[in-house]
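K.L.:
I'd like to ask some things about the structure below.
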Amino acid sequence: MSEIKKIKPALSKGTRDFLPVEVAKRNYIFDTIKSVFRKYGFEEIETPAIERMETLTGKYGEEGDKLLFKILNSGDFLKDVPKEELAAANSQSTLKYIAEKGLRYDLTVPLARYVVQHQENLAFPFKRFHIGPVWRADRPQKGRYQEFYQCDADIIGSTSLLNEVELSMIYAEVFKALGIDVLIHFNHRKVIESLIAVIDKPGFSELIVSCIDKLDKVEWDKIESELHAAGLIKSETDALYNSIIVKADTLWCEEDIRANAAGEEAHKDISVLLKVIGSSIPNLVYNGRLARGLNYYTGIIWEIVLDKSSVANNNISMGSLGGGGRYDNLTEMFGAKNMSGVGISFGIERIYDVMEELNLFPATISQGVKVLFIPREEEMEEFAFQQAHALRCDGIAAEVYLGNVKKQKHFKYIGDKHIAYFVEVGGDEKASGKFRLRNVQTRDTQSDLTLKQLIQLLQ
RNA sequence: GUGGCUUUAGCUCAGUUGGUUAGAGCAGCGGUUUGUGGUUCCGCAGGUCGUGGGUUCGACCCCCAUAAGCCACCCCA
């Protein structure tokens with residue numbers, strides 16, 4: 001025997017293993033969301049984890065490019081690098097020669113590629129959902145990983161505001177089904193646009209959006225000094241304060257906002273949204289402070305937060321559980337124009353944490369098989385196996401504990417896997433064809449059951 | 001990219017001002033006990049104390065370097 005080198009078992013930074021019970025809980029969330037999506041006519045798609053680097057680069061800004069996971073070319077990855085490039089030893093400019101592929105950074109850019117590439121074969125408006133892992137070479141921290149799941153639903157190729165209505169309804173329905181009390185905040189990018197026009201600082205729009213976005217976490221004083229440092233004067237920051245803090249709840253209706261063409265357009269959109277929804281979604285609330293960091297949004301935007309006024313959510317502090325919005329020209333960079341889209345996203349990892357904290361997972365999801373057959377002796381295993389198989393043929397989940405072990409092992413196994421019943425199988429049972437069924441929880445015992453009776457009882 | 005903290009058994013962690021042979025609980029394995037139920041008790045196995053230097057008669061402990069992980073910024077989900 002050659003010596004086996006021991007390797008310390010460890011994960012790559014920012015990644016996780018999931019225990020069976022965790023996978024069951026995650027699937028519960030996925031299945032709940034999927035069933036709502038399907039009910040509204042969304043179809044599931046898949047795309048590869050690996051995309052060509054040219055598909056990925058330049059879509060997420062300079063920061064985003066740095067956070068892309070690159071895949072080293074197979075084989076002799078240095079053979080295509082020009083000599084002068086090698087000599088220069090510039091890792092940035094050498095990159096394109098040694099890494100042609102990368103891991104997807106989100107599900108949105110792959111969607112844009114997908115839609116353009118398959119447009120002849122898709123039914124428009126194209127309503128799809130996509131759940132899958134994405135990868136970012138970010139520094140991990142609490143609730144942030146290098147590999148995590150995104151869960152998106154988008155409608156491509158329709159400008160109707162009824163799409164926004166539909167997505168609002170989906171948000172409401174999903175969180176209701178999961179049992180989480182949330183507020184569905186919404187705003188309109190053109191309200192923000194108009195606000196920036198009102199204070200006449202067009203060059204600062206990105207900064208202002210990012211400051212508004214931070215309002216929930218950072219004190220106004222700090223934001224104000226950041227804006228002053230950037231060159232805004234006191235009267236301008238005061239005007240901003242008046243709008244996004246004082247009038248945040250009614251910003252879309254304010255006269256100075258509506259005086260602007262963009263503001264008026266936003267007013268019209270929001271009016272339609274509210275009129276159609278009426279009182280059917282009471283937790284859909286306007287929030288003039290909502291901006292969302294991503295700069296491709298052009299219309300209605302959403303963000304989901306825990307409802308602090310709900311008694312259930314006692315003192316849980318948690319960022320947004322989802323977000324989305326309308327974007328124009330998503331597909332333009334892949335050569336298809338005039339494809340407006342609107343989409344929403346669910347923050348699975350945070351939803352999981354909230355549900356864990358509030359104990360919202362139903363107890364049934366961690367349940368194992370219905371019944372465990374325990375052979376009393378090793379010679380009984382085959383007979384027990386046949387009985388278990390008979391149960392399975394009638395749709396009852398059953399297992400046989402194989403291996404000659406101590407009794408306490410059996411019960412540990414039953415407990416660990418949350419098995420509901422057990423049947424011990426020995427020579428007597430084999431000879432008589434009668435079994436004794438015991439309920440693990442209640443300890444109720446039913447004796448002298450034929451296999452047929454056993455099946456009937458468990459069905 | 002910036003800063004802080006941590007690193008001792010598979011996991012969670014003790015470890016005295018620097019002193020011989022590094023400990024516990026959980027998990028694993030074996031036995032024991034329980035008048036057919038997760039129990040009790042006992043034992044076994046498992047560690048180059050992240051790594052590399054240094055100080056010292058002597059280092060898990062002090063110093064330097066380095067790596068990894070976590071946490072907080074930036075940014076984002």
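Just remember, in the structure tokens the first chain shown is A, the second B, etc., residues are 1-based per chain, and ligands are 1-based in the order shown.
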At a cut-off of 9 Å, which residues of chain B touch chain A? Count only C-alpha atoms (C1' of nucleotides) and give the answer as a VMD selection string.
P.N.:
chain B and resid 10 37 to 38 68 to 72 75 to 77
K.L.:
So that I can check the surroundings of Gly102 in chain A, please list as a PyMOL selection string every protein, DNA and RNA residue that reaches within 9 Å of it, counting only C-alpha atoms (C1' of nucleotides) and ignoring chain neighbours fewer than 2 positions away.
P.N.:
chain A and resi 49-53+56+68-72+99-100+104-105
K.L.:
If you run DSSP over the backbone, which residues in range 34-79 of chain A end up helix (DSSP H, G or I)? Put them as a list in words.
P.N.:
Lys34, Ser35, Val36, Phe37, Arg38, Lys39, Met53, Glu54, Thr55, Leu56, Gly61, Glu62, Glu63, Gly64, Asp65 and Lys66 of chain A
K.L.:
Near Glu264 in chain A, counting only C-alpha atoms (C1' of nucleotides), which residues have an atom at most 9 Å away, once you skip same-chain residues fewer than 3 positions from it, shown as number ranges by chain?
P.N.:
A: 190-191, 194, 252-253, 257-261, 267-269
K.L.:
Now that the selection is made, can you save its residues with N, CA and C atoms as a compact mmCIF listing (two decimals), in the first residue's frame?
P.N.:
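The resulting file, part_25.txt, is reproduced below:
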# COMPACT_ATOMS: atom_id res chain seq x y z
N LYS A 190 -37.79 57.95 -13.35
CA LYS A 190 -37.97 59.28 -13.93
C LYS A 190 -38.35 60.32 -12.87
N VAL A 191 -38.83 59.86 -11.71
CA VAL A 191 -39.01 60.80 -10.59
C VAL A 191 -37.65 61.29 -10.13
N SER A 194 -36.17 63.56 -12.72
CA SER A 194 -36.80 64.87 -12.65
C SER A 194 -36.28 65.65 -11.45
N TRP A 252 -43.80 61.78 -6.05
CA TRP A 252 -44.23 61.64 -7.44
C TRP A 252 -45.38 62.60 -7.77
N CYS A 253 -46.06 63.12 -6.76
CA CYS A 253 -47.17 64.04 -6.99
C CYS A 253 -46.78 65.50 -6.88
N ILE A 257 -41.79 68.38 -9.40
CA ILE A 257 -41.39 67.16 -10.10
C ILE A 257 -42.20 67.00 -11.38
N ARG A 258 -43.51 67.24 -11.29
CA ARG A 258 -44.37 67.04 -12.44
C ARG A 258 -44.19 68.10 -13.51
N ALA A 259 -43.61 69.22 -13.14
CA ALA A 259 -43.37 70.29 -14.11
C ALA A 259 -42.38 69.84 -15.18
N ASN A 260 -41.59 68.86 -14.82
CA ASN A 260 -40.60 68.31 -15.74
C ASN A 260 -41.24 67.18 -16.57
N ALA A 261 -40.85 67.08 -17.84
CA ALA A 261 -41.48 66.08 -18.72
C ALA A 261 -41.30 64.66 -18.18
N HIS A 267 -45.37 60.25 -13.25
CA HIS A 267 -46.65 60.44 -12.57
C HIS A 267 -47.74 59.63 -13.26
N LYS A 268 -47.72 59.68 -14.59
CA LYS A 268 -48.71 58.93 -15.36
C LYS A 268 -48.58 57.44 -15.12
N ASP A 269 -47.34 56.94 -15.19
CA ASP A 269 -47.09 55.50 -14.99
C ASP A 269 -47.56 55.04 -13.61
K.L.:
For G18 in chain B, work out the shell of residues within 12 Å, counting only C-alpha atoms (C1' of nucleotides) and skipping chain neighbours fewer than 5 positions away, then give it as a list in words.
P.N.:
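That gives U55, U56, G58, A59, C60, C61 and C62 of chain B.
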K.L.:
Could those selected residues go to a file with all heavy atoms, as a compact mmCIF listing (two decimals), in the first residue's frame?
P.N.:
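Contents of part_17.txt, as written:
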# COMPACT_ATOMS: atom_id res chain seq x y z
P U B 55 17.75 33.36 17.44
OP1 U B 55 19.15 33.83 17.48
OP2 U B 55 17.45 31.92 17.39
O5' U B 55 16.98 34.00 18.68
C5' U B 55 17.03 35.40 18.93
C4' U B 55 16.20 35.75 20.13
O4' U B 55 14.80 35.52 19.83
C3' U B 55 16.45 34.88 21.36
O3' U B 55 17.58 35.31 22.09
C2' U B 55 15.14 35.07 22.13
O2' U B 55 15.11 36.31 22.80
C1' U B 55 14.12 35.09 21.00
N1 U B 55 13.54 33.76 20.74
C2 U B 55 12.49 33.35 21.55
O2 U B 55 12.05 34.04 22.45
N3 U B 55 11.99 32.10 21.27
C4 U B 55 12.42 31.24 20.28
O4 U B 55 11.86 30.15 20.15
C5 U B 55 13.50 31.73 19.48
C6 U B 55 14.01 32.95 19.74
P U B 56 18.68 34.23 22.55
OP1 U B 56 19.75 34.99 23.24
OP2 U B 56 19.01 33.35 21.41
O5' U B 56 17.90 33.37 23.63
C5' U B 56 17.41 33.97 24.82
C4' U B 56 16.55 33.00 25.57
O4' U B 56 15.36 32.72 24.80
C3' U B 56 17.16 31.63 25.81
O3' U B 56 18.06 31.63 26.91
C2' U B 56 15.91 30.78 26.06
O2' U B 56 15.43 30.95 27.37
C1' U B 56 14.92 31.40 25.07
N1 U B 56 14.86 30.65 23.80
C2 U B 56 13.91 29.65 23.70
O2 U B 56 13.14 29.38 24.61
N3 U B 56 13.91 28.96 22.51
C4 U B 56 14.73 29.17 21.43
O4 U B 56 14.59 28.46 20.43
C5 U B 56 15.69 30.22 21.60
C6 U B 56 15.73 30.91 22.76
P G B 58 16.89 26.81 24.09
OP1 G B 58 17.11 26.15 22.78
OP2 G B 58 16.96 28.29 24.18
O5' G B 58 15.48 26.33 24.65
C5' G B 58 15.14 24.94 24.58
C4' G B 58 13.87 24.67 25.35
O4' G B 58 14.05 25.12 26.72
C3' G B 58 12.64 25.43 24.89
O3' G B 58 12.04 24.81 23.77
C2' G B 58 11.76 25.39 26.13
O2' G B 58 11.14 24.13 26.26
C1' G B 58 12.80 25.55 27.24
N9 G B 58 12.93 26.95 27.67
C8 G B 58 13.96 27.80 27.39
N7 G B 58 13.79 28.99 27.92
C5 G B 58 12.57 28.90 28.58
C6 G B 58 11.86 29.87 29.34
O6 G B 58 12.19 31.04 29.59
N1 G B 58 10.67 29.37 29.83
C2 G B 58 10.21 28.08 29.62
N2 G B 58 9.03 27.79 30.17
N3 G B 58 10.87 27.17 28.92
C4 G B 58 12.03 27.64 28.44
P A B 59 11.27 25.70 22.69
OP1 A B 59 10.74 24.79 21.65
OP2 A B 59 12.18 26.80 22.30
O5' A B 59 10.06 26.34 23.52
C5' A B 59 9.02 25.54 24.05
C4' A B 59 7.67 26.12 23.68
O4' A B 59 7.66 27.53 24.06
C3' A B 59 7.38 26.09 22.19
O3' A B 59 5.97 26.00 22.02
C2' A B 59 7.83 27.45 21.72
O2' A B 59 7.22 27.90 20.56
C1' A B 59 7.43 28.33 22.91
N9 A B 59 8.18 29.57 23.05
C8 A B 59 9.36 29.92 22.43
N7 A B 59 9.78 31.12 22.75
C5 A B 59 8.82 31.59 23.62
C6 A B 59 8.69 32.81 24.31
N6 A B 59 9.56 33.80 24.23
N1 A B 59 7.59 32.96 25.09
C2 A B 59 6.72 31.94 25.18
N3 A B 59 6.74 30.75 24.58
C4 A B 59 7.83 30.65 23.81
P C B 60 5.28 24.60 21.71
OP1 C B 60 5.30 23.77 22.93
OP2 C B 60 5.90 24.09 20.47
O5' C B 60 3.76 25.00 21.41
C5' C B 60 3.36 25.44 20.13
C4' C B 60 2.14 26.31 20.23
O4' C B 60 1.16 25.64 21.07
C3' C B 60 2.36 27.66 20.91
O3' C B 60 2.81 28.61 19.98
C2' C B 60 0.97 27.99 21.43
O2' C B 60 0.16 28.54 20.43
C1' C B 60 0.41 26.60 21.79
N1 C B 60 0.51 26.29 23.23
C2 C B 60 -0.40 26.91 24.10
O2 C B 60 -1.22 27.71 23.65
N3 C B 60 -0.33 26.62 25.43
C4 C B 60 0.56 25.74 25.89
N4 C B 60 0.58 25.50 27.19
C5 C B 60 1.48 25.10 25.02
C6 C B 60 1.43 25.39 23.71
P C B 61 3.90 29.68 20.41
OP1 C B 61 4.13 30.56 19.25
OP2 C B 61 5.03 28.98 21.06
O5' C B 61 3.17 30.52 21.56
C5' C B 61 1.96 31.26 21.29
C4' C B 61 1.43 31.82 22.58
O4' C B 61 1.26 30.74 23.53
C3' C B 61 2.34 32.85 23.24
O3' C B 61 1.57 33.87 23.83
C2' C B 61 3.04 32.05 24.32
O2' C B 61 3.45 32.81 25.43
C1' C B 61 1.95 31.05 24.72
N1 C B 61 2.50 29.81 25.28
C2 C B 61 2.08 29.38 26.54
O2 C B 61 1.24 30.05 27.15
N3 C B 61 2.59 28.24 27.07
C4 C B 61 3.50 27.56 26.38
N4 C B 61 3.99 26.45 26.93
C5 C B 61 3.95 27.98 25.10
C6 C B 61 3.43 29.09 24.58
P C B 62 1.36 35.22 23.02
OP1 C B 62 0.44 36.09 23.80
OP2 C B 62 1.06 34.89 21.60
O5' C B 62 2.82 35.85 23.06
C5' C B 62 3.24 36.63 24.17
C4' C B 62 4.62 37.20 23.91
O4' C B 62 5.62 36.18 24.15
C3' C B 62 4.87 37.63 22.46
O3' C B 62 4.36 38.92 22.20
C2' C B 62 6.39 37.57 22.38
O2' C B 62 6.99 38.70 22.98
C1' C B 62 6.68 36.33 23.23
N1 C B 62 6.79 35.09 22.43
C2 C B 62 7.90 34.91 21.58
O2 C B 62 8.75 35.80 21.51
N3 C B 62 8.01 33.78 20.86
C4 C B 62 7.07 32.82 20.97
N4 C B 62 7.22 31.72 20.25
C5 C B 62 5.94 32.98 21.82
C6 C B 62 5.84 34.10 22.53
K.L.:
What's the 10 Å shell around C49 in chain B, counting only C-alpha atoms (C1' of nucleotides), without same-chain residues fewer than 3 positions away, as a PDB file with N, CA, C and O atoms (P, O5', C5', C4', C3', O3' and C1' of nucleotides), in the first residue's frame?
P.N.:
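Contents of part-v9.pdb, freshly written:
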ATOM      1  P     U B   7      -7.486  32.247  17.635  1.00  0.00           P
ATOM      2  O5'   U B   7      -7.330  31.286  16.385  1.00  0.00           O
ATOM      3  C5'   U B   7      -8.397  30.405  16.016  1.00  0.00           C
ATOM      4  C4'   U B   7      -8.044  29.682  14.726  1.00  0.00           C
ATOM      5  C3'   U B   7      -6.884  28.701  14.841  1.00  0.00           C
ATOM      6  O3'   U B   7      -7.135  27.570  14.030  1.00  0.00           O
ATOM      7  C1'   U B   7      -6.378  30.312  13.206  1.00  0.00           C
ATOM      8  P     U B   8      -7.853  26.307  14.672  1.00  0.00           P
ATOM      9  O5'   U B   8      -6.797  25.851  15.767  1.00  0.00           O
ATOM     10  C5'   U B   8      -5.603  25.203  15.379  1.00  0.00           C
ATOM     11  C4'   U B   8      -5.161  24.278  16.462  1.00  0.00           C
ATOM     12  C3'   U B   8      -6.186  23.248  16.891  1.00  0.00           C
ATOM     13  O3'   U B   8      -6.232  22.140  16.014  1.00  0.00           O
ATOM     14  C1'   U B   8      -5.307  24.270  18.805  1.00  0.00           C
ATOM     15  P     A B  22       1.798  16.137  24.815  1.00  0.00           P
ATOM     16  O5'   A B  22       0.537  16.733  25.565  1.00  0.00           O
ATOM     17  C5'   A B  22       0.677  17.800  26.494  1.00  0.00           C
ATOM     18  C4'   A B  22      -0.624  18.583  26.505  1.00  0.00           C
ATOM     19  C3'   A B  22      -1.832  17.665  26.359  1.00  0.00           C
ATOM     20  O3'   A B  22      -2.448  17.549  27.640  1.00  0.00           O
ATOM     21  C1'   A B  22      -1.887  19.465  24.761  1.00  0.00           C
ATOM     22  P     C B  60       5.279  24.597  21.711  1.00  0.00           P
ATOM     23  O5'   C B  60       3.757  25.002  21.409  1.00  0.00           O
ATOM     24  C5'   C B  60       3.356  25.435  20.126  1.00  0.00           C
ATOM     25  C4'   C B  60       2.139  26.309  20.229  1.00  0.00           C
ATOM     26  C3'   C B  60       2.361  27.656  20.909  1.00  0.00           C
ATOM     27  O3'   C B  60       2.806  28.612  19.977  1.00  0.00           O
ATOM     28  C1'   C B  60       0.414  26.597  21.790  1.00  0.00           C
TER      29        C B  60
END
K.L.:
Would you mind listing what lies within 9 Å of Ile396 in chain A as an MDAnalysis selection string, with only C-alpha atoms (C1' of nucleotides) counted and same-chain residues fewer than 6 positions away left out?
P.N.:
chainID A and resid 369:371 388 390 455 458:459
K.L.:
Mind dumping the selected residues with all heavy atoms as a PDB file, in the first residue's frame?
P.N.:
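After the write, out_20.pdb holds the following:
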ATOM      1  N   VAL A 369     -38.329   9.144   5.071  1.00  0.00           N
ATOM      2  CA  VAL A 369     -39.307   8.193   4.548  1.00  0.00           C
ATOM      3  C   VAL A 369     -40.375   7.935   5.596  1.00  0.00           C
ATOM      4  O   VAL A 369     -40.217   8.234   6.778  1.00  0.00           O
ATOM      5  CB  VAL A 369     -38.646   6.853   4.155  1.00  0.00           C
ATOM      6  CG1 VAL A 369     -37.694   7.046   2.996  1.00  0.00           C
ATOM      7  CG2 VAL A 369     -37.958   6.212   5.338  1.00  0.00           C
ATOM      8  N   LYS A 370     -41.469   7.329   5.155  1.00  0.00           N
ATOM      9  CA  LYS A 370     -42.582   7.073   6.060  1.00  0.00           C
ATOM     10  C   LYS A 370     -42.247   5.971   7.059  1.00  0.00           C
ATOM     11  O   LYS A 370     -42.585   6.059   8.226  1.00  0.00           O
ATOM     12  CB  LYS A 370     -43.805   6.638   5.225  1.00  0.00           C
ATOM     13  CG  LYS A 370     -45.113   6.767   5.960  1.00  0.00           C
ATOM     14  CD  LYS A 370     -45.877   7.936   5.399  1.00  0.00           C
ATOM     15  CE  LYS A 370     -47.177   8.194   6.090  1.00  0.00           C
ATOM     16  NZ  LYS A 370     -48.276   8.351   5.119  1.00  0.00           N
ATOM     17  N   VAL A 371     -41.577   4.944   6.568  1.00  0.00           N
ATOM     18  CA  VAL A 371     -41.366   3.792   7.448  1.00  0.00           C
ATOM     19  C   VAL A 371     -39.979   3.181   7.233  1.00  0.00           C
ATOM     20  O   VAL A 371     -39.486   3.105   6.114  1.00  0.00           O
ATOM     21  CB  VAL A 371     -42.484   2.733   7.242  1.00  0.00           C
ATOM     22  CG1 VAL A 371     -42.564   2.314   5.787  1.00  0.00           C
ATOM     23  CG2 VAL A 371     -42.274   1.521   8.128  1.00  0.00           C
ATOM     24  N   ALA A 388     -40.242  -3.806   2.025  1.00  0.00           N
ATOM     25  CA  ALA A 388     -40.089  -2.391   1.731  1.00  0.00           C
ATOM     26  C   ALA A 388     -40.413  -2.105   0.271  1.00  0.00           C
ATOM     27  O   ALA A 388     -41.090  -1.130  -0.055  1.00  0.00           O
ATOM     28  CB  ALA A 388     -38.661  -1.937   2.058  1.00  0.00           C
ATOM     29  N   ALA A 390     -42.419  -3.757  -1.627  1.00  0.00           N
ATOM     30  CA  ALA A 390     -43.872  -3.843  -1.824  1.00  0.00           C
ATOM     31  C   ALA A 390     -44.538  -2.519  -1.460  1.00  0.00           C
ATOM     32  O   ALA A 390     -45.439  -2.034  -2.149  1.00  0.00           O
ATOM     33  CB  ALA A 390     -44.441  -4.980  -0.993  1.00  0.00           C
ATOM     34  N   ILE A 455     -49.905  -1.545   4.345  1.00  0.00           N
ATOM     35  CA  ILE A 455     -49.915  -0.585   3.233  1.00  0.00           C
ATOM     36  C   ILE A 455     -51.116   0.348   3.330  1.00  0.00           C
ATOM     37  O   ILE A 455     -50.991   1.561   3.184  1.00  0.00           O
ATOM     38  CB  ILE A 455     -49.900  -1.340   1.890  1.00  0.00           C
ATOM     39  CG1 ILE A 455     -48.523  -1.994   1.680  1.00  0.00           C
ATOM     40  CG2 ILE A 455     -50.222  -0.411   0.732  1.00  0.00           C
ATOM     41  CD1 ILE A 455     -48.469  -2.972   0.529  1.00  0.00           C
ATOM     42  N   LEU A 458     -50.693   3.011   5.954  1.00  0.00           N
ATOM     43  CA  LEU A 458     -49.676   4.033   5.696  1.00  0.00           C
ATOM     44  C   LEU A 458     -50.010   4.921   4.494  1.00  0.00           C
ATOM     45  O   LEU A 458     -49.387   5.944   4.300  1.00  0.00           O
ATOM     46  CB  LEU A 458     -48.314   3.373   5.476  1.00  0.00           C
ATOM     47  CG  LEU A 458     -47.717   2.739   6.740  1.00  0.00           C
ATOM     48  CD1 LEU A 458     -46.482   1.925   6.406  1.00  0.00           C
ATOM     49  CD2 LEU A 458     -47.391   3.797   7.779  1.00  0.00           C
ATOM     50  N   GLN A 459     -50.991   4.505   3.714  1.00  0.00           N
ATOM     51  CA  GLN A 459     -51.284   5.275   2.506  1.00  0.00           C
ATOM     52  C   GLN A 459     -52.002   6.591   2.795  1.00  0.00           C
ATOM     53  O   GLN A 459     -52.663   6.719   3.796  1.00  0.00           O
ATOM     54  CB  GLN A 459     -52.108   4.451   1.523  1.00  0.00           C
ATOM     55  CG  GLN A 459     -51.219   3.884   0.427  1.00  0.00           C
ATOM     56  CD  GLN A 459     -51.918   2.859  -0.433  1.00  0.00           C
ATOM     57  OE1 GLN A 459     -52.980   2.350  -0.059  1.00  0.00           O
ATOM     58  NE2 GLN A 459     -51.320   2.529  -1.558  1.00  0.00           N
TER      59      GLN A 459
END
K.L.:
Write down as a PyMOL selection string the residues of range 206-336 of chain A whose backbone DSSP state falls under strand (DSSP E or B).
P.N.:
chain A and resi 284-286+297-306+322-327
K.L.:
Excluding Ile304 in chain A and any residue of its chain fewer than 3 positions from it, enumerate the residues within 12 Å of it, using only C-alpha atoms (C1' of nucleotides), and give them as a PyMOL selection string.
P.N.:
chain A and resi 168+171-172+174-175+180-187+283-287+290+292+301+307-308+318-325+344-347+350-351
K.L.:
Please produce an output containing C-alpha atoms for each residue in the selection, written as an mmCIF file, in the first residue's frame.
P.N.:
data_model
loop_
_atom_site.group_PDB
_atom_site.id
_atom_site.type_symbol
_atom_site.label_atom_id
_atom_site.label_comp_id
_atom_site.auth_asym_id
_atom_site.auth_seq_id
_atom_site.Cartn_x
_atom_site.Cartn_y
_atom_site.Cartn_z
ATOM 1 C CA SER A 168 -46.148 43.523 -8.268
ATOM 2 C CA TYR A 171 -44.121 39.757 -5.365
ATOM 3 C CA ALA A 172 -47.165 40.022 -3.120
ATOM 4 C CA VAL A 174 -44.840 34.861 -3.245
ATOM 5 C CA PHE A 175 -44.158 36.535 0.078
ATOM 6 C CA ILE A 180 -43.159 36.762 5.346
ATOM 7 C CA ASP A 181 -44.681 40.181 6.068
ATOM 8 C CA VAL A 182 -43.018 42.572 3.658
ATOM 9 C CA LEU A 183 -43.500 46.001 2.191
ATOM 10 C CA ILE A 184 -43.192 46.257 -1.571
ATOM 11 C CA HIS A 185 -41.580 49.640 -2.026
ATOM 12 C CA PHE A 186 -41.689 51.173 -5.457
ATOM 13 C CA ASN A 187 -40.586 54.333 -7.180
ATOM 14 C CA ASN A 283 -48.431 46.349 1.209
ATOM 15 C CA LEU A 284 -47.419 48.002 -2.062
ATOM 16 C CA VAL A 285 -46.222 51.425 -0.967
ATOM 17 C CA TYR A 286 -44.670 54.361 -2.755
ATOM 18 C CA ASN A 287 -41.232 55.370 -1.490
ATOM 19 C CA LEU A 290 -35.960 54.341 -3.409
ATOM 20 C CA ARG A 292 -31.602 51.331 -6.707
ATOM 21 C CA ILE A 301 -38.391 50.132 -9.701
ATOM 22 C CA ASP A 307 -42.486 45.159 7.311
ATOM 23 C CA LYS A 308 -41.169 46.567 10.581
ATOM 24 C CA MET A 318 -32.197 42.600 7.183
ATOM 25 C CA GLY A 319 -31.490 44.317 3.889
ATOM 26 C CA SER A 320 -33.801 44.031 0.927
ATOM 27 C CA LEU A 321 -35.304 40.653 0.080
ATOM 28 C CA GLY A 322 -35.663 41.444 -3.581
ATOM 29 C CA GLY A 323 -35.687 44.150 -6.165
ATOM 30 C CA GLY A 324 -36.222 44.939 -9.789
ATOM 31 C CA GLY A 325 -37.383 47.407 -12.341
ATOM 32 C CA ILE A 344 -37.873 41.259 -10.609
ATOM 33 C CA SER A 345 -35.438 39.324 -8.508
ATOM 34 C CA PHE A 346 -35.754 37.408 -5.250
ATOM 35 C CA GLY A 347 -32.909 37.410 -2.718
ATOM 36 C CA ARG A 350 -31.789 36.461 2.699
ATOM 37 C CA ILE A 351 -35.273 35.021 2.390
#
K.L.:
Rounded to one decimal place, report the CA of Gln367 in chain A-CA of Gln456 in chain A distance in Å.
P.N.:
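Taking CA of Gln367 in chain A and CA of Gln456 in chain A, their separation equals 20.2 Å.
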K.L.:
Which one of A:Ala291, A:Asp328, A:Ala88, A:Gly278 sits closest to Cys211 in chain A if you count only C-alpha atoms?
P.N.:
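Using only C-alpha atoms, the shortest distance to Cys211 in chain A belongs to A:Ala291.
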